[in-house]
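Colleague: Pasting entry-v5.pdb below, which is PDB, C-alpha atoms.
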MODEL        1
ATOM      1  CA  MET F   9     -78.207  46.150 -14.707
ATOM      2  CA  ILE F  10     -81.210  43.853 -14.893
ATOM      3  CA  ASP F  11     -80.806  40.315 -13.683
ATOM      4  CA  GLU F  12     -82.018  38.181 -16.591
ATOM      5  CA  LYS F  13     -83.220  35.297 -14.439
ATOM      6  CA  THR F  14     -85.335  37.579 -12.257
ATOM      7  CA  LEU F  15     -86.897  39.252 -15.287
ATOM      8  CA  VAL F  16     -87.549  35.936 -17.066
ATOM      9  CA  SER F  17     -89.121  34.503 -13.947
ATOM     10  CA  LEU F  18     -91.465  37.497 -13.551
ATOM     11  CA  LEU F  19     -92.291  37.630 -17.257
ATOM     12  CA  SER F  20     -93.121  33.939 -17.450
ATOM     13  CA  LYS F  21     -96.278  34.667 -15.453
ATOM     14  CA  GLY F  22     -97.334  37.260 -18.039
ATOM     15  CA  ILE F  23     -97.556  41.040 -17.882
ATOM     16  CA  SER F  24    -100.103  42.857 -15.752
ATOM     17  CA  LEU F  25    -103.418  43.634 -17.448
ATOM     18  CA  ASP F  26    -104.456  46.014 -14.680
ATOM     19  CA  THR F  27    -102.374  48.917 -15.867
ATOM     20  CA  ASN F  28    -101.859  50.706 -19.163
ATOM     21  CA  ARG F  29     -98.112  50.736 -18.450
ATOM     22  CA  PRO F  30     -97.285  47.068 -17.858
ATOM     23  CA  PHE F  31     -93.545  47.457 -18.413
ATOM     24  CA  GLN F  32     -93.409  50.350 -15.984
ATOM     25  CA  GLN F  33     -95.091  48.168 -13.384
ATOM     26  CA  LEU F  34     -92.629  45.352 -14.067
ATOM     27  CA  ALA F  35     -89.692  47.745 -13.710
ATOM     28  CA  GLU F  36     -90.901  48.899 -10.302
ATOM     29  CA  LYS F  37     -90.897  45.307  -9.065
ATOM     30  CA  ILE F  38     -87.229  44.829  -9.898
ATOM     31  CA  ASN F  39     -85.921  48.301  -9.092
ATOM     32  CA  SER F  40     -85.304  49.100 -12.712
ATOM     33  CA  THR F  41     -86.696  51.534 -15.277
ATOM     34  CA  GLU F  42     -89.370  51.011 -17.904
ATOM     35  CA  GLU F  43     -86.863  51.790 -20.657
ATOM     36  CA  GLU F  44     -84.361  49.273 -19.319
ATOM     37  CA  VAL F  45     -86.976  46.524 -19.046
ATOM     38  CA  MET F  46     -88.218  47.105 -22.598
ATOM     39  CA  GLU F  47     -84.645  47.166 -23.949
ATOM     40  CA  LYS F  48     -83.921  43.860 -22.253
ATOM     41  CA  ILE F  49     -87.086  42.218 -23.646
ATOM     42  CA  ARG F  50     -86.311  43.472 -27.169
ATOM     43  CA  HIS F  51     -82.813  42.093 -26.782
ATOM     44  CA  LEU F  52     -84.141  38.679 -25.697
ATOM     45  CA  LEU F  53     -86.461  38.704 -28.734
ATOM     46  CA  GLN F  54     -83.535  39.515 -30.996
ATOM     47  CA  LEU F  55     -81.502  36.635 -29.556
ATOM     48  CA  LYS F  56     -84.590  34.422 -30.005
ATOM     49  CA  LYS F  57     -84.426  33.580 -26.314
ATOM     50  CA  ILE F  58     -87.984  34.869 -26.479
ATOM     51  CA  LYS F  59     -89.611  33.258 -29.519
ATOM     52  CA  ARG F  60     -92.667  35.461 -29.532
ATOM     53  CA  PHE F  61     -94.471  37.865 -27.218
ATOM     54  CA  GLY F  62     -98.269  38.029 -27.067
ATOM     55  CA  ALA F  63    -101.431  36.243 -26.029
ATOM     56  CA  VAL F  64    -100.745  32.576 -25.250
ATOM     57  CA  VAL F  65    -103.817  30.587 -26.258
ATOM     58  CA  LEU F  66    -105.051  27.571 -24.351
ATOM     59  CA  ASN F  67    -105.991  25.058 -27.064
ATOM     60  CA  ARG F  68    -108.786  23.324 -25.245
ATOM     61  CA  SER F  69    -110.658  26.539 -24.666
ATOM     62  CA  LEU F  70    -111.134  26.977 -28.417
ATOM     63  CA  GLY F  71    -112.679  23.591 -28.961
ATOM     64  CA  ARG F  72    -109.411  22.137 -30.206
ATOM     65  CA  ASN F  73    -109.761  19.440 -27.621
ATOM     66  CA  GLN F  74    -108.408  16.577 -29.671
ATOM     67  CA  ASN F  75    -104.695  16.298 -29.683
ATOM     68  CA  ALA F  76    -102.714  13.390 -30.945
ATOM     69  CA  MET F  77     -99.055  12.796 -30.348
ATOM     70  CA  VAL F  78     -97.610  10.551 -33.020
ATOM     71  CA  THR F  79     -94.300   8.835 -32.358
ATOM     72  CA  LEU F  80     -92.273   7.164 -35.090
ATOM     73  CA  LYS F  81     -89.223   4.935 -35.397
ATOM     74  CA  ILE F  82     -87.021   6.539 -38.023
ATOM     75  CA  ASN F  83     -83.518   5.555 -39.144
ATOM     76  CA  GLU F  84     -80.923   8.147 -38.301
ATOM     77  CA  LYS F  85     -80.059   8.624 -41.981
ATOM     78  CA  ASP F  86     -83.686   9.408 -42.895
ATOM     79  CA  MET F  87     -84.305  11.634 -39.873
ATOM     80  CA  THR F  88     -83.754  15.087 -41.375
ATOM     81  CA  GLU F  89     -85.710  14.417 -44.546
ATOM     82  CA  THR F  90     -88.621  12.825 -42.666
ATOM     83  CA  GLY F  91     -88.710  15.587 -40.044
ATOM     84  CA  GLU F  92     -88.767  18.270 -42.713
ATOM     85  CA  ARG F  93     -91.425  16.545 -44.801
ATOM     86  CA  ILE F  94     -93.731  16.078 -41.805
ATOM     87  CA  SER F  95     -93.228  19.698 -40.736
ATOM     88  CA  ALA F  96     -94.408  20.845 -44.165
ATOM     89  CA  TYR F  97     -97.976  19.688 -43.414
ATOM     90  CA  GLU F  98     -99.895  22.729 -42.266
ATOM     91  CA  TYR F  99    -101.863  20.854 -39.620
ATOM     92  CA  VAL F 100     -98.734  19.533 -37.894
ATOM     93  CA  THR F 101     -98.085  21.908 -34.980
ATOM     94  CA  LEU F 102     -94.933  20.384 -33.513
ATOM     95  CA  CYS F 103     -92.275  18.054 -34.826
ATOM     96  CA  TYR F 104     -89.226  17.037 -32.760
ATOM     97  CA  GLU F 105     -86.538  14.412 -32.803
ATOM     98  CA  ARG F 106     -86.265  13.025 -29.269
ATOM     99  CA  LYS F 107     -84.002  10.546 -27.525
ATOM    100  CA  PRO F 108     -85.698   7.157 -27.168
ATOM    101  CA  VAL F 109     -85.621   5.042 -24.009
ATOM    102  CA  PRO F 110     -84.485   1.668 -25.401
ATOM    103  CA  GLY F 111     -86.760  -1.211 -24.549
ATOM    104  CA  VAL F 112     -89.410   1.102 -23.102
ATOM    105  CA  TRP F 113     -90.091   3.556 -25.910
ATOM    106  CA  ASP F 114     -88.003   3.094 -29.027
ATOM    107  CA  PHE F 115     -89.616   5.899 -31.010
ATOM    108  CA  ASN F 116     -87.435   8.875 -31.897
ATOM    109  CA  LEU F 117     -89.495  11.273 -34.035
ATOM    110  CA  TYR F 118     -92.555  12.963 -32.565
ATOM    111  CA  PHE F 119     -95.237  15.126 -34.125
ATOM    112  CA  MET F 120     -98.510  16.643 -32.914
ATOM    113  CA  VAL F 121    -101.825  17.321 -34.603
ATOM    114  CA  HIS F 122    -104.548  19.385 -32.885
ATOM    115  CA  GLY F 123    -108.166  19.573 -33.960
ATOM    116  CA  SER F 124    -111.762  19.619 -32.848
ATOM    117  CA  GLU F 125    -112.743  16.205 -34.207
ATOM    118  CA  ARG F 126    -110.995  12.930 -33.677
ATOM    119  CA  ASP F 127    -111.920  11.519 -37.107
ATOM    120  CA  VAL F 128    -110.433  14.533 -38.853
ATOM    121  CA  VAL F 129    -107.209  14.404 -36.824
ATOM    122  CA  MET F 130    -106.936  10.649 -37.464
ATOM    123  CA  ALA F 131    -107.448  11.117 -41.210
ATOM    124  CA  GLN F 132    -104.752  13.804 -41.282
ATOM    125  CA  ILE F 133    -102.312  11.490 -39.524
ATOM    126  CA  GLU F 134    -103.127   8.632 -41.878
ATOM    127  CA  THR F 135    -102.485  10.874 -44.870
ATOM    128  CA  ILE F 136     -99.021  11.673 -43.578
ATOM    129  CA  LEU F 137     -98.178   8.032 -42.831
ATOM    130  CA  LYS F 138     -99.386   6.980 -46.270
ATOM    131  CA  GLU F 139     -97.640   9.737 -48.202
ATOM    132  CA  LEU F 140     -94.368   9.158 -46.364
ATOM    133  CA  LYS F 141     -94.743   5.374 -46.669
ATOM    134  CA  ILE F 142     -94.398   4.870 -42.924
ATOM    135  CA  ASP F 143     -95.538   1.453 -41.750
ATOM    136  CA  ARG F 144     -98.045   1.394 -38.885
ATOM    137  CA  SER F 145     -95.760  -0.991 -36.972
ATOM    138  CA  GLN F 146     -93.148   1.772 -36.808
ATOM    139  CA  CYS F 147     -95.572   4.204 -35.273
ATOM    140  CA  GLU F 148     -97.673   4.795 -32.186
ATOM    141  CA  ILE F 149    -100.610   7.257 -32.136
ATOM    142  CA  LEU F 150    -101.501   8.614 -28.710
ATOM    143  CA  PHE F 151    -104.642  10.699 -28.436
ATOM    144  CA  SER F 152    -105.005  12.615 -25.211
ATOM    145  CA  THR F 153    -108.063  11.678 -23.208
ATOM    146  CA  LYS F 154    -107.646  14.153 -20.379
ATOM    147  CA  CYS F 155    -105.675  17.302 -19.698
ATOM    148  CA  PHE F 156    -104.448  17.475 -16.106
ATOM    149  CA  LYS F 157    -102.454  20.663 -16.534
ATOM    150  CA  GLN F 158    -101.647  23.270 -19.189
ATOM    151  CA  LYS F 159     -99.732  26.340 -18.066
ATOM    152  CA  GLY F 160     -96.795  28.466 -19.049
ATOM    153  CA  ALA F 161     -93.298  27.338 -18.193
ATOM    154  CA  SER F 162     -91.963  28.767 -14.959
ATOM    155  CA  TYR F 163     -88.236  29.315 -14.778
TER     156      TYR F 163
ATOM    157  CA  MET W  30    -119.143  46.505 -28.467
ATOM    158  CA  ASP W  31    -118.970  43.015 -29.936
ATOM    159  CA  LYS W  32    -116.917  40.936 -27.517
ATOM    160  CA  LYS W  33    -116.478  38.043 -29.912
ATOM    161  CA  ARG W  34    -115.136  40.350 -32.604
ATOM    162  CA  LEU W  35    -112.728  41.937 -30.144
ATOM    163  CA  PHE W  36    -111.509  38.503 -29.020
ATOM    164  CA  ARG W  37    -111.025  37.432 -32.620
ATOM    165  CA  ASP W  38    -109.153  40.615 -33.534
ATOM    166  CA  LEU W  39    -106.816  40.329 -30.549
ATOM    167  CA  LEU W  40    -106.037  36.662 -31.166
ATOM    168  CA  ASP W  41    -105.668  37.026 -34.930
ATOM    169  CA  HIS W  42    -103.098  39.782 -34.568
ATOM    170  CA  PHE W  43    -101.435  39.592 -31.165
ATOM    171  CA  GLN W  44    -100.365  36.048 -30.381
ATOM    172  CA  SER W  45     -97.027  37.524 -31.368
ATOM    173  CA  ASP W  46     -95.716  41.033 -32.044
ATOM    174  CA  PHE W  47     -97.187  42.500 -28.865
ATOM    175  CA  PRO W  48     -95.697  46.019 -28.810
ATOM    176  CA  ILE W  49     -92.812  46.333 -26.364
ATOM    177  CA  GLN W  50     -93.645  50.000 -25.793
ATOM    178  CA  GLU W  51     -94.716  52.216 -22.896
ATOM    179  CA  ASN W  52     -98.346  52.174 -24.032
ATOM    180  CA  PRO W  53     -98.879  48.795 -25.729
ATOM    181  CA  PHE W  54    -102.663  48.683 -25.357
ATOM    182  CA  GLU W  55    -103.076  52.102 -26.923
ATOM    183  CA  ILE W  56    -100.882  51.079 -29.866
ATOM    184  CA  ILE W  57    -102.893  47.896 -30.399
ATOM    185  CA  GLY W  58    -106.095  49.951 -30.116
ATOM    186  CA  ARG W  59    -104.928  52.285 -32.866
ATOM    187  CA  THR W  60    -104.185  49.347 -35.173
ATOM    188  CA  LEU W  61    -107.438  47.506 -34.490
ATOM    189  CA  LYS W  62    -109.677  50.571 -33.961
ATOM    190  CA  TYR W  63    -110.488  50.099 -30.286
ATOM    191  CA  THR W  64    -109.789  52.265 -27.253
ATOM    192  CA  GLU W  65    -106.846  51.552 -24.974
ATOM    193  CA  THR W  66    -109.207  50.382 -22.221
ATOM    194  CA  GLU W  67    -111.188  48.109 -24.535
ATOM    195  CA  VAL W  68    -107.980  46.377 -25.598
ATOM    196  CA  ARG W  69    -106.636  45.943 -22.072
ATOM    197  CA  GLU W  70    -110.006  44.754 -20.754
ATOM    198  CA  GLY W  71    -110.308  42.463 -23.783
ATOM    199  CA  PHE W  72    -107.065  40.665 -22.928
ATOM    200  CA  LYS W  73    -108.185  40.510 -19.320
ATOM    201  CA  LYS W  74    -111.479  38.862 -20.290
ATOM    202  CA  LEU W  75    -109.646  36.367 -22.533
ATOM    203  CA  LEU W  76    -107.587  35.482 -19.475
ATOM    204  CA  ASP W  77    -110.493  35.395 -16.996
ATOM    205  CA  GLU W  78    -112.639  33.300 -19.323
ATOM    206  CA  GLY W  79    -109.832  30.788 -19.788
ATOM    207  CA  PHE W  80    -109.062  31.343 -23.459
ATOM    208  CA  ILE W  81    -105.453  32.387 -22.848
ATOM    209  CA  SER W  82    -102.989  31.561 -20.098
ATOM    210  CA  ARG W  83    -101.194  34.924 -20.172
ATOM    211  CA  VAL W  84    -100.000  37.829 -22.256
ATOM    212  CA  GLY W  85     -96.259  37.478 -22.297
ATOM    213  CA  PRO W  86     -93.282  35.729 -23.772
ATOM    214  CA  VAL W  87     -92.965  32.249 -25.174
ATOM    215  CA  PHE W  88     -89.379  31.269 -24.546
ATOM    216  CA  GLY W  89     -87.191  29.551 -27.118
ATOM    217  CA  THR W  90     -86.641  25.906 -26.205
ATOM    218  CA  HIS W  91     -83.349  25.448 -24.401
ATOM    219  CA  LYS W  92     -82.473  29.122 -24.865
ATOM    220  CA  VAL W  93     -83.674  29.922 -21.374
ATOM    221  CA  GLY W  94     -83.556  27.116 -18.859
ATOM    222  CA  TYR W  95     -83.971  23.468 -19.727
ATOM    223  CA  SER W  96     -86.926  21.186 -20.405
ATOM    224  CA  PHE W  97     -87.875  17.722 -21.561
ATOM    225  CA  LEU W  98     -90.869  15.518 -22.188
ATOM    226  CA  ALA W  99     -91.387  12.764 -19.629
ATOM    227  CA  ALA W 100     -93.774   9.864 -19.195
ATOM    228  CA  VAL W 101     -94.972   7.424 -16.563
ATOM    229  CA  LYS W 102     -96.636   4.012 -16.855
ATOM    230  CA  CYS W 103     -99.409   4.238 -14.337
ATOM    231  CA  ASP W 104    -102.138   1.789 -13.406
ATOM    232  CA  PRO W 105    -105.451   3.277 -14.636
ATOM    233  CA  SER W 106    -106.930   3.043 -11.144
ATOM    234  CA  ARG W 107    -104.207   5.362  -9.805
ATOM    235  CA  VAL W 108    -104.147   7.874 -12.651
ATOM    236  CA  ASP W 109    -105.916  10.772 -10.936
ATOM    237  CA  GLU W 110    -103.925  10.398  -7.757
ATOM    238  CA  VAL W 111    -100.571  10.114  -9.547
ATOM    239  CA  ALA W 112    -101.377  13.013 -11.921
ATOM    240  CA  GLU W 113    -102.138  15.179  -8.922
ATOM    241  CA  MET W 114     -98.832  14.292  -7.265
ATOM    242  CA  ILE W 115     -96.973  15.054 -10.500
ATOM    243  CA  ASN W 116     -98.790  18.373 -10.970
ATOM    244  CA  ALA W 117     -97.835  19.432  -7.462
ATOM    245  CA  PHE W 118     -94.311  20.020  -8.812
ATOM    246  CA  GLU W 119     -94.224  23.540 -10.158
ATOM    247  CA  GLU W 120     -91.717  22.433 -12.823
ATOM    248  CA  VAL W 121     -94.524  20.504 -14.578
ATOM    249  CA  ASN W 122     -96.279  22.616 -17.186
ATOM    250  CA  HIS W 123     -98.317  20.220 -19.304
ATOM    251  CA  ASN W 124     -99.746  16.926 -18.206
ATOM    252  CA  TYR W 125    -101.906  14.745 -20.424
ATOM    253  CA  LEU W 126    -103.473  11.343 -20.061
ATOM    254  CA  ARG W 127    -102.892   9.456 -23.331
ATOM    255  CA  GLU W 128    -104.151   6.204 -24.799
ATOM    256  CA  ASN W 129    -101.217   3.912 -24.156
ATOM    257  CA  GLU W 130     -99.686   1.729 -21.488
ATOM    258  CA  LEU W 131     -97.261   4.614 -21.074
ATOM    259  CA  ASN W 132    -100.166   6.869 -20.236
ATOM    260  CA  LEU W 133     -99.122  10.030 -18.372
ATOM    261  CA  TRP W 134     -97.116  12.454 -20.502
ATOM    262  CA  PHE W 135     -95.869  15.754 -19.163
ATOM    263  CA  VAL W 136     -93.267  18.436 -19.759
ATOM    264  CA  LEU W 137     -90.755  19.424 -17.094
ATOM    265  CA  THR W 138     -89.129  22.842 -17.236
ATOM    266  CA  GLY W 139     -86.479  24.283 -14.969
ATOM    267  CA  LYS W 140     -83.295  26.295 -14.591
ATOM    268  CA  ASP W 141     -80.944  23.571 -15.795
ATOM    269  CA  ALA W 142     -80.498  19.821 -16.243
ATOM    270  CA  GLU W 143     -79.231  19.242 -12.691
ATOM    271  CA  ALA W 144     -82.217  21.010 -11.163
ATOM    272  CA  LEU W 145     -84.554  18.749 -13.135
ATOM    273  CA  ASP W 146     -82.606  15.611 -12.186
ATOM    274  CA  THR W 147     -83.389  16.421  -8.561
ATOM    275  CA  VAL W 148     -87.049  16.975  -9.385
ATOM    276  CA  VAL W 149     -87.307  13.633 -11.219
ATOM    277  CA  GLU W 150     -85.676  11.806  -8.294
ATOM    278  CA  GLU W 151     -88.119  13.341  -5.848
ATOM    279  CA  MET W 152     -91.038  12.598  -8.148
ATOM    280  CA  GLU W 153     -90.082   8.931  -8.549
ATOM    281  CA  LYS W 154     -89.889   8.549  -4.776
ATOM    282  CA  LYS W 155     -93.254  10.203  -4.329
ATOM    283  CA  ILE W 156     -95.227   8.270  -6.962
ATOM    284  CA  GLY W 157     -93.308   5.008  -6.613
ATOM    285  CA  LEU W 158     -92.926   4.647 -10.396
ATOM    286  CA  PRO W 159     -90.067   5.249 -12.820
ATOM    287  CA  VAL W 160     -90.173   8.500 -14.789
ATOM    288  CA  TYR W 161     -88.903   8.091 -18.360
ATOM    289  CA  ARG W 162     -87.261  11.113 -20.000
ATOM    290  CA  PHE W 163     -87.401  12.070 -23.644
ATOM    291  CA  PRO W 164     -85.151  15.076 -24.155
ATOM    292  CA  MET W 165     -85.258  16.844 -27.494
ATOM    293  CA  VAL W 166     -82.479  16.134 -29.965
ATOM    294  CA  LYS W 167     -83.612  18.428 -32.757
ATOM    295  CA  PRO W 168     -86.659  20.621 -33.343
ATOM    296  CA  PHE W 169     -88.152  20.522 -36.858
ATOM    297  CA  LYS W 170     -91.295  22.558 -36.231
ATOM    298  CA  ILE W 171     -92.563  24.556 -33.267
ATOM    299  CA  ASP W 172     -95.781  26.342 -34.047
ATOM    300  CA  LEU W 173     -98.241  26.790 -31.264
ATOM    301  CA  GLN W 174     -99.947  29.919 -32.500
ATOM    302  CA  VAL W 175    -103.565  29.121 -33.147
ATOM    303  CA  LYS W 176    -104.808  30.205 -36.532
ATOM    304  CA  GLY W 177    -108.419  31.162 -37.001
ATOM    305  CA  ALA W 178    -109.416  31.323 -33.353
ATOM    306  CA  PHE W 179    -113.044  32.469 -32.835
ATOM    307  CA  ARG W 180    -114.402  31.781 -36.296
TER     308      ARG W 180
ENDMDL
END
Could I get this file's structure written as structure tokens?
Modeller:
Amino acid sequence: MIDEKTLVSLLSKGISLDTNRPFQQLAEKINSTEEEVMEKIRHLLQLKKIKRFGAVVLNRSLGRNQNAMVTLKINEKDMTETGERISAYEYVTLCYERKPVPGVWDFNLYFMVHGSERDVVMAQIETILKELKIDRSQCEILFSTKCFKQKGASY
Amino acid sequence: MDKKRLFRDLLDHFQSDFPIQENPFEIIGRTLKYTETEVREGFKKLLDEGFISRVGPVFGTHKVGYSFLAAVKCDPSRVDEVAEMINAFEEVNHNYLRENELNLWFVLTGKDAEALDTVVEEMEKKIGLPVYRFPMVKPFKIDLQVKGAFR
């Protein structure tokens, strides 16, 4: 039996690119077999515990060095419709409802837009705000000015 | 061999659906018309040159472990120092400076909620500032695959 936590922790660093049999190499590290490791990964994919498996791109390296996080104040009753409408824009990469911190940060709906030029990203955000009739006072746009860290999650 | 074309082919087709098979690089090579070694070395170069962080899984949010977005209000003169202290925690996996009074935004990921509570407590002690937490209530869209890389 493979211990899921051990496998997840090893996998989160990525597979080895020094061997043609990466799953074999992984199996050796945890006293398991290649077949068992692959079965377990396929199972995690099926359960959607693993969302996708492949090359994980670092945005900044591809010139997509502008990223804006937009935070909105949305009434609970409008949340689902607003979240779904924003997600429908192709250039929106992430859209989450999050818990606010009252008095510090009262915004509860977040979305992200990535791009290579600030003007373009800003115009895309303004289109969304206009089309959804969201007032600028209910919104905060936070461009990133520096990336201190971008790595895979370690569990 | 055209390195740029190889990079583009790998990223266009294998940000997901990496074959979970004994010989994944050979399988990819057959699909994209490269040799097994070219494919493996191609991924390795993407990694070494900083275009990708790894070849591996992206975990479903909250399906494995626990994570949340967090932020700190930090005096601009202390930003580099505080960011460094925050990054020293291995639970931190993204950390951005953003244009706001609440200016340092990062994601914390760990085994479970209790483990992260401990991390936040330690972090607050270390940086001398409150850490605000913004856990997810509902995801509407999660799409971090990059379309049209290397055009």
Colleague: Taking all atoms listed in the file into account, which of F:Leu15, F:Gln146, F:Ala63, F:Glu105 comes nearest F:Glu47?
Modeller: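 The closest residue to F:Glu47 is F:Leu15.
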Colleague: Using all atoms listed in the file, which of the listed residues (F:Gln74, F:Gly22, F:Arg106, F:Ala96) sits closest to W:Tyr125?
Modeller: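 Of the candidates, the smallest distance to W:Tyr125 is held by F:Gln74.
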Colleague: Which polymer residues have any atom within 10 Å of an atom of stretch 132-145 of chain F, counting all atoms listed in the file, with same-chain residues fewer than 3 positions away left out, as a list in words?
Modeller: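 Within the cut-off, the hits are Ala76, Met77, Val78, Leu80, Lys81, Ile82, Thr90, Arg93, Ile94, Tyr97, Tyr99, Val100, Phe119, Met120, Val121, Gly123, Arg126, Asp127, Val128, Val129, Glu148 and Ile149 of chain F.
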Colleague: Please tabulate, as JSON lines, the residues of chain W that come within 7 Å of chain F, each with its closest pair of atoms and the distance in Å to one decimal, counting only C-alpha atoms and ordering rows by chain, then residue number upward.
Modeller:
{"residue": "W:Leu40", "atom": "CA", "partner": "F:Ala63", "partner_atom": "CA", "distance": 6.9}
{"residue": "W:Phe43", "atom": "CA", "partner": "F:Gly62", "partner_atom": "CA", "distance": 5.4}
{"residue": "W:Gln44", "atom": "CA", "partner": "F:Gly62", "partner_atom": "CA", "distance": 4.4}
{"residue": "W:Ser45", "atom": "CA", "partner": "F:Gly62", "partner_atom": "CA", "distance": 4.5}
{"residue": "W:Asp46", "atom": "CA", "partner": "F:Phe61", "partner_atom": "CA", "distance": 5.9}
{"residue": "W:Phe47", "atom": "CA", "partner": "F:Gly62", "partner_atom": "CA", "distance": 4.9}
{"residue": "W:Ile49", "atom": "CA", "partner": "F:Met46", "partner_atom": "CA", "distance": 6.0}
{"residue": "W:Gln50", "atom": "CA", "partner": "F:Met46", "partner_atom": "CA", "distance": 6.9}
{"residue": "W:Glu51", "atom": "CA", "partner": "F:Arg29", "partner_atom": "CA", "distance": 5.8}
{"residue": "W:Asn52", "atom": "CA", "partner": "F:Arg29", "partner_atom": "CA", "distance": 5.8}
{"residue": "W:Phe54", "atom": "CA", "partner": "F:Asn28", "partner_atom": "CA", "distance": 6.6}
{"residue": "W:Arg69", "atom": "CA", "partner": "F:Leu25", "partner_atom": "CA", "distance": 6.1}
{"residue": "W:Lys73", "atom": "CA", "partner": "F:Leu25", "partner_atom": "CA", "distance": 6.0}
{"residue": "W:Gly79", "atom": "CA", "partner": "F:Ser69", "partner_atom": "CA", "distance": 6.5}
{"residue": "W:Phe80", "atom": "CA", "partner": "F:Ser69", "partner_atom": "CA", "distance": 5.2}
{"residue": "W:Ile81", "atom": "CA", "partner": "F:Val65", "partner_atom": "CA", "distance": 4.2}
{"residue": "W:Ser82", "atom": "CA", "partner": "F:Val64", "partner_atom": "CA", "distance": 5.7}
{"residue": "W:Arg83", "atom": "CA", "partner": "F:Gly22", "partner_atom": "CA", "distance": 5.0}
{"residue": "W:Val84", "atom": "CA", "partner": "F:Ala63", "partner_atom": "CA", "distance": 4.3}
{"residue": "W:Gly85", "atom": "CA", "partner": "F:Gly22", "partner_atom": "CA", "distance": 4.4}
{"residue": "W:Pro86", "atom": "CA", "partner": "F:Phe61", "partner_atom": "CA", "distance": 4.2}
{"residue": "W:Val87", "atom": "CA", "partner": "F:Arg60", "partner_atom": "CA", "distance": 5.4}
{"residue": "W:Phe88", "atom": "CA", "partner": "F:Ile58", "partner_atom": "CA", "distance": 4.3}
{"residue": "W:Gly89", "atom": "CA", "partner": "F:Lys57", "partner_atom": "CA", "distance": 5.0}
{"residue": "W:Lys92", "atom": "CA", "partner": "F:Lys57", "partner_atom": "CA", "distance": 5.1}
{"residue": "W:Val93", "atom": "CA", "partner": "F:Lys57", "partner_atom": "CA", "distance": 6.2}
{"residue": "W:Gly94", "atom": "CA", "partner": "F:Tyr163", "partner_atom": "CA", "distance": 6.6}
{"residue": "W:Ala112", "atom": "CA", "partner": "F:Phe156", "partner_atom": "CA", "distance": 6.8}
{"residue": "W:Glu120", "atom": "CA", "partner": "F:Ser162", "partner_atom": "CA", "distance": 6.7}
{"residue": "W:Asn122", "atom": "CA", "partner": "F:Lys159", "partner_atom": "CA", "distance": 5.2}
{"residue": "W:His123", "atom": "CA", "partner": "F:Gln158", "partner_atom": "CA", "distance": 4.5}
{"residue": "W:Asn124", "atom": "CA", "partner": "F:Lys157", "partner_atom": "CA", "distance": 4.9}
{"residue": "W:Tyr125", "atom": "CA", "partner": "F:Cys155", "partner_atom": "CA", "distance": 4.6}
{"residue": "W:Leu126", "atom": "CA", "partner": "F:Lys154", "partner_atom": "CA", "distance": 5.0}
{"residue": "W:Arg127", "atom": "CA", "partner": "F:Ser152", "partner_atom": "CA", "distance": 4.2}
{"residue": "W:Glu128", "atom": "CA", "partner": "F:Leu150", "partner_atom": "CA", "distance": 5.3}
{"residue": "W:Asn129", "atom": "CA", "partner": "F:Leu150", "partner_atom": "CA", "distance": 6.6}
{"residue": "W:Thr138", "atom": "CA", "partner": "F:Ala161", "partner_atom": "CA", "distance": 6.2}
{"residue": "W:Gly139", "atom": "CA", "partner": "F:Tyr163", "partner_atom": "CA", "distance": 5.3}
{"residue": "W:Lys140", "atom": "CA", "partner": "F:Tyr163", "partner_atom": "CA", "distance": 5.8}
{"residue": "W:Phe163", "atom": "CA", "partner": "F:Lys107", "partner_atom": "CA", "distance": 5.4}
{"residue": "W:Pro164", "atom": "CA", "partner": "F:Arg106", "partner_atom": "CA", "distance": 5.6}
{"residue": "W:Met165", "atom": "CA", "partner": "F:Arg106", "partner_atom": "CA", "distance": 4.3}
{"residue": "W:Val166", "atom": "CA", "partner": "F:Arg106", "partner_atom": "CA", "distance": 4.9}
{"residue": "W:Lys167", "atom": "CA", "partner": "F:Glu105", "partner_atom": "CA", "distance": 5.0}
{"residue": "W:Pro168", "atom": "CA", "partner": "F:Tyr104", "partner_atom": "CA", "distance": 4.4}
{"residue": "W:Phe169", "atom": "CA", "partner": "F:Cys103", "partner_atom": "CA", "distance": 5.2}
{"residue": "W:Lys170", "atom": "CA", "partner": "F:Cys103", "partner_atom": "CA", "distance": 4.8}
{"residue": "W:Ile171", "atom": "CA", "partner": "F:Leu102", "partner_atom": "CA", "distance": 4.8}
{"residue": "W:Asp172", "atom": "CA", "partner": "F:Thr101", "partner_atom": "CA", "distance": 5.1}
{"residue": "W:Leu173", "atom": "CA", "partner": "F:Thr101", "partner_atom": "CA", "distance": 6.1}
{"residue": "W:Ala178", "atom": "CA", "partner": "F:Leu70", "partner_atom": "CA", "distance": 6.8}
Colleague: With the PyMOL selection byres ((chain W and resi 159) around 10) as the selection, what would be picked from this file? Answer as a list in words, please.
Modeller: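 In the shown coordinates, the PyMOL selection byres ((chain W and resi 159) around 10) covers Ala100, Val101, Lys102, Cys103, Val149, Glu150, Met152, Glu153, Lys154, Ile156, Gly157, Leu158, Val160, Tyr161 and Arg162 of chain W.
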Colleague: In Å, rounded to a single decimal, give me how far atom CA of F:Glu36 is from atom CA of W:Leu61.
Modeller: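 Those two atoms sit 29.3 Å apart.
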Colleague: Between W:Tyr63, W:Phe72, W:Tyr95, W:Phe36, which is the closest to W:Ala144 once you count only C-alpha atoms?
Modeller: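 Of W:Tyr63, W:Phe72, W:Tyr95, W:Phe36, the one nearest W:Ala144, counting only C-alpha atoms, is W:Tyr95.
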